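Colleague: Contents of query_16.pdb (PDB, C-alpha atoms, pLDDT in the B column) are given next:
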ATOM      1  CA  MET A   2     -24.101  14.354  17.406  1.00 53.00           C
ATOM      2  CA  THR A   3     -22.378  12.287  14.734  1.00 73.00           C
ATOM      3  CA  ASP A   4     -19.964  15.085  13.831  1.00 91.00           C
ATOM      4  CA  LYS A   5     -18.937  15.479  17.486  1.00 90.00           C
ATOM      5  CA  ARG A   6     -18.364  11.739  17.822  1.00 91.00           C
ATOM      6  CA  THR A   7     -16.390  11.667  14.558  1.00 93.00           C
ATOM      7  CA  ASP A   8     -14.260  14.578  15.747  1.00 93.00           C
ATOM      8  CA  GLN A   9     -13.645  12.848  19.083  1.00 93.00           C
ATOM      9  CA  THR A  10     -12.680   9.631  17.312  1.00 95.00           C
ATOM     10  CA  ARG A  11     -10.290  11.465  14.994  1.00 95.00           C
ATOM     11  CA  ALA A  12      -8.714  13.272  17.944  1.00 95.00           C
ATOM     12  CA  GLY A  13      -8.342   9.998  19.838  1.00 96.00           C
ATOM     13  CA  VAL A  14      -6.690   8.255  16.893  1.00 96.00           C
ATOM     14  CA  ALA A  15      -4.356  11.221  16.343  1.00 95.00           C
ATOM     15  CA  GLU A  16      -3.380  11.283  20.015  1.00 95.00           C
ATOM     16  CA  ALA A  17      -2.788   7.523  20.076  1.00 95.00           C
ATOM     17  CA  PHE A  18      -0.658   7.681  16.926  1.00 89.00           C
ATOM     18  CA  ASP A  19       1.283  10.642  18.316  1.00 90.00           C
ATOM     19  CA  PHE A  20       1.927   8.721  21.535  1.00 92.00           C
ATOM     20  CA  TRP A  21       3.010   5.624  19.586  1.00 89.00           C
ATOM     21  CA  LEU A  22       5.440   7.716  17.536  1.00 83.00           C
ATOM     22  CA  SER A  23       6.885   9.250  20.704  1.00 88.00           C
ATOM     23  CA  GLN A  24       7.621   5.741  22.003  1.00 91.00           C
ATOM     24  CA  HIS A  25       9.312   4.472  18.837  1.00 88.00           C
ATOM     25  CA  ASN A  26      12.371   5.716  16.982  1.00 88.00           C
ATOM     26  CA  VAL A  27      10.564   6.159  13.682  1.00 86.00           C
ATOM     27  CA  THR A  28       9.305   9.076  11.621  1.00 86.00           C
ATOM     28  CA  VAL A  29       5.947   9.502   9.919  1.00 84.00           C
ATOM     29  CA  PRO A  30       7.543   9.360   6.447  1.00 91.00           C
ATOM     30  CA  GLN A  31       9.208   6.054   7.398  1.00 90.00           C
ATOM     31  CA  VAL A  32       5.876   4.634   8.567  1.00 87.00           C
ATOM     32  CA  ILE A  33       4.124   5.745   5.387  1.00 92.00           C
ATOM     33  CA  GLU A  34       6.937   4.450   3.168  1.00 95.00           C
ATOM     34  CA  ASP A  35       6.895   1.060   4.895  1.00 95.00           C
ATOM     35  CA  ALA A  36       3.107   0.789   4.635  1.00 95.00           C
ATOM     36  CA  ALA A  37       3.144   1.745   0.950  1.00 97.00           C
ATOM     37  CA  GLU A  38       5.956  -0.712   0.225  1.00 97.00           C
ATOM     38  CA  ARG A  39       4.110  -3.561   1.937  1.00 97.00           C
ATOM     39  CA  ALA A  40       0.819  -2.735   0.209  1.00 97.00           C
ATOM     40  CA  ILE A  41       2.401  -2.533  -3.241  1.00 98.00           C
ATOM     41  CA  THR A  42       4.385  -5.745  -2.701  1.00 97.00           C
ATOM     42  CA  ALA A  43       1.259  -7.575  -1.552  1.00 97.00           C
ATOM     43  CA  TRP A  44      -0.688  -6.313  -4.577  1.00 97.00           C
ATOM     44  CA  LEU A  45       2.069  -7.279  -6.997  1.00 97.00           C
ATOM     45  CA  ASN A  46       2.349 -10.740  -5.455  1.00 97.00           C
ATOM     46  CA  ALA A  47      -1.418 -11.227  -5.634  1.00 97.00           C
ATOM     47  CA  HIS A  48      -1.581 -10.149  -9.283  1.00 97.00           C
ATOM     48  CA  THR A  49       1.631 -11.608 -10.718  1.00 97.00           C
ATOM     49  CA  ASP A  50      -0.127 -13.968 -13.127  1.00 97.00           C
ATOM     50  CA  GLU A  51      -2.387 -11.212 -14.459  1.00 97.00           C
ATOM     51  CA  LEU A  52       0.578  -8.887 -14.932  1.00 96.00           C
ATOM     52  CA  VAL A  53       2.612 -11.503 -16.780  1.00 95.00           C
ATOM     53  CA  GLU A  54      -0.365 -12.275 -19.041  1.00 95.00           C
ATOM     54  CA  ALA A  55      -0.931  -8.576 -19.779  1.00 94.00           C
ATOM     55  CA  ILE A  56       2.742  -7.978 -20.554  1.00 93.00           C
ATOM     56  CA  THR A  57       2.869 -11.075 -22.759  1.00 91.00           C
ATOM     57  CA  ALA A  58      -0.266  -9.940 -24.624  1.00 90.00           C
ATOM     58  CA  LYS A  59       1.290  -6.537 -25.274  1.00 89.00           C
ATOM     59  CA  LEU A  60       4.561  -8.059 -26.463  1.00 88.00           C
ATOM     60  CA  ARG A  61       2.919 -10.655 -28.707  1.00 83.00           C
ATOM     61  CA  PRO A  62       2.264  -8.196 -31.594  1.00 80.00           C
ATOM     62  CA  ILE A  63       5.847  -6.943 -31.340  1.00 73.00           C
ATOM     63  CA  ASP A  64       7.533 -10.349 -31.116  1.00 63.00           C
ATOM     64  CA  PRO A  65       5.555 -13.269 -32.555  1.00 63.00           C
ATOM     65  CA  GLU A  66       8.167 -15.637 -31.087  1.00 68.00           C
ATOM     66  CA  ALA A  67       7.289 -14.549 -27.515  1.00 56.00           C
ATOM     67  CA  ASN A  68       4.893 -17.492 -27.052  1.00 56.00           C
ATOM     68  CA  ARG A  69       7.387 -20.140 -27.985  1.00 57.00           C
TER      69      ARG A  69
END
How does this structure look as structure tokens?
Modeller:
Amino acid sequence: MTDKRTDQTRAGVAEAFDFWLSQHNVTVPQVIEDAAERAITAWLNAHTDELVEAITAKLRPIDPEANR
């Protein structure tokens, strides 16, 4: 019973997405690219301090003046 319900849900989502695409002047690659861009930007913004600290830590052995 679960497999049938899962299949029906997948089919419903696919049909809804297909209908949405038919109503908008956009392609699947554009949708995926936009979603990936937003997700990566959000992650980078949320982890900026950690990234700067990690980069600084890696550069410290190369350039002892990096902390000044």
Colleague: Please, what is the axis-aligned box for every listed atom of segment 45-58 of chain A with 6 Å on each side, as centre and edge lengths in Å to one decimal, as AutoDock Vina command-line options?
Modeller:
--center_x 0.2 --center_y -10.6 --center_z -15.0 --size_x 17.3 --size_y 18.7 --size_z 31.2
Colleague: Quick check, in Å to one decimal: how far apart do atom CA of Asn46 of chain A and atom CA of Pro30 of chain A lie?
Modeller: 23.9 Å
Colleague: Distance atom CA of Ala15 of chain A-atom CA of Ile41 of chain A, one decimal place?
Modeller: 24.9 Å
Colleague: Tell me, in Å to one decimal, how far atom CA of Asp19 of chain A is from atom CA of Val32 of chain A.
Modeller: 12.3 Å
Colleague: Mind completing segment 45-66 of chain A with N, CA, C and O atoms? Output as a compact mmCIF listing (two decimals), in the coordinates of the input, please?
Modeller:
# COMPACT_ATOMS: atom_id res chain seq x y z
N LEU A 45 1.31 -6.68 -5.90
CA LEU A 45 2.07 -7.28 -7.00
C LEU A 45 2.11 -8.80 -6.88
O LEU A 45 1.94 -9.52 -7.86
N ASN A 46 2.32 -9.29 -5.67
CA ASN A 46 2.35 -10.74 -5.46
C ASN A 46 1.00 -11.37 -5.75
O ASN A 46 0.94 -12.47 -6.31
N ALA A 47 -0.07 -10.69 -5.41
CA ALA A 47 -1.42 -11.23 -5.63
C ALA A 47 -1.83 -11.18 -7.11
O ALA A 47 -2.73 -11.90 -7.52
N HIS A 48 -1.18 -10.33 -7.89
CA HIS A 48 -1.58 -10.15 -9.28
C HIS A 48 -0.47 -10.50 -10.29
O HIS A 48 -0.53 -10.09 -11.44
N THR A 49 0.50 -11.27 -9.86
CA THR A 49 1.63 -11.61 -10.72
C THR A 49 1.19 -12.28 -12.02
O THR A 49 1.63 -11.88 -13.10
N ASP A 50 0.31 -13.26 -11.92
CA ASP A 50 -0.13 -13.97 -13.13
C ASP A 50 -0.82 -13.03 -14.11
O ASP A 50 -0.56 -13.07 -15.31
N GLU A 51 -1.69 -12.17 -13.60
CA GLU A 51 -2.39 -11.21 -14.46
C GLU A 51 -1.39 -10.26 -15.13
O GLU A 51 -1.54 -9.93 -16.31
N LEU A 52 -0.41 -9.81 -14.37
CA LEU A 52 0.58 -8.89 -14.93
C LEU A 52 1.41 -9.55 -16.02
O LEU A 52 1.65 -8.97 -17.08
N VAL A 53 1.82 -10.78 -15.78
CA VAL A 53 2.61 -11.50 -16.78
C VAL A 53 1.78 -11.71 -18.04
O VAL A 53 2.27 -11.52 -19.16
N GLU A 54 0.51 -12.08 -17.88
CA GLU A 54 -0.36 -12.28 -19.04
C GLU A 54 -0.54 -10.97 -19.82
O GLU A 54 -0.51 -10.98 -21.06
N ALA A 55 -0.74 -9.87 -19.11
CA ALA A 55 -0.93 -8.58 -19.78
C ALA A 55 0.33 -8.14 -20.52
O ALA A 55 0.25 -7.64 -21.66
N ILE A 56 1.48 -8.34 -19.90
CA ILE A 56 2.74 -7.98 -20.55
C ILE A 56 2.96 -8.86 -21.78
O ILE A 56 3.34 -8.37 -22.85
N THR A 57 2.71 -10.15 -21.64
CA THR A 57 2.87 -11.08 -22.76
C THR A 57 1.94 -10.69 -23.91
O THR A 57 2.34 -10.70 -25.08
N ALA A 58 0.70 -10.33 -23.58
CA ALA A 58 -0.27 -9.94 -24.62
C ALA A 58 0.19 -8.69 -25.36
O ALA A 58 0.00 -8.57 -26.57
N LYS A 59 0.79 -7.76 -24.63
CA LYS A 59 1.29 -6.54 -25.27
C LYS A 59 2.52 -6.81 -26.13
O LYS A 59 2.73 -6.17 -27.15
N LEU A 60 3.35 -7.75 -25.72
CA LEU A 60 4.56 -8.06 -26.46
C LEU A 60 4.29 -8.95 -27.67
O LEU A 60 5.05 -8.92 -28.64
N ARG A 61 3.23 -9.71 -27.63
CA ARG A 61 2.92 -10.66 -28.71
C ARG A 61 2.90 -9.98 -30.09
O ARG A 61 3.52 -10.50 -31.02
N PRO A 62 2.25 -8.82 -30.26
CA PRO A 62 2.26 -8.20 -31.59
C PRO A 62 3.66 -7.73 -32.01
O PRO A 62 3.97 -7.68 -33.18
N ILE A 63 4.51 -7.42 -31.03
CA ILE A 63 5.85 -6.94 -31.34
C ILE A 63 6.77 -8.11 -31.69
O ILE A 63 7.55 -8.06 -32.62
N ASP A 64 6.66 -9.20 -30.94
CA ASP A 64 7.53 -10.35 -31.12
C ASP A 64 6.70 -11.62 -31.20
O ASP A 64 6.33 -12.20 -30.19
N PRO A 65 6.39 -12.07 -32.41
CA PRO A 65 5.56 -13.27 -32.56
C PRO A 65 6.18 -14.51 -31.92
O PRO A 65 5.51 -15.48 -31.64
N GLU A 66 7.48 -14.49 -31.68
CA GLU A 66 8.17 -15.64 -31.09
C GLU A 66 8.02 -15.66 -29.56
O GLU A 66 8.46 -16.60 -28.92
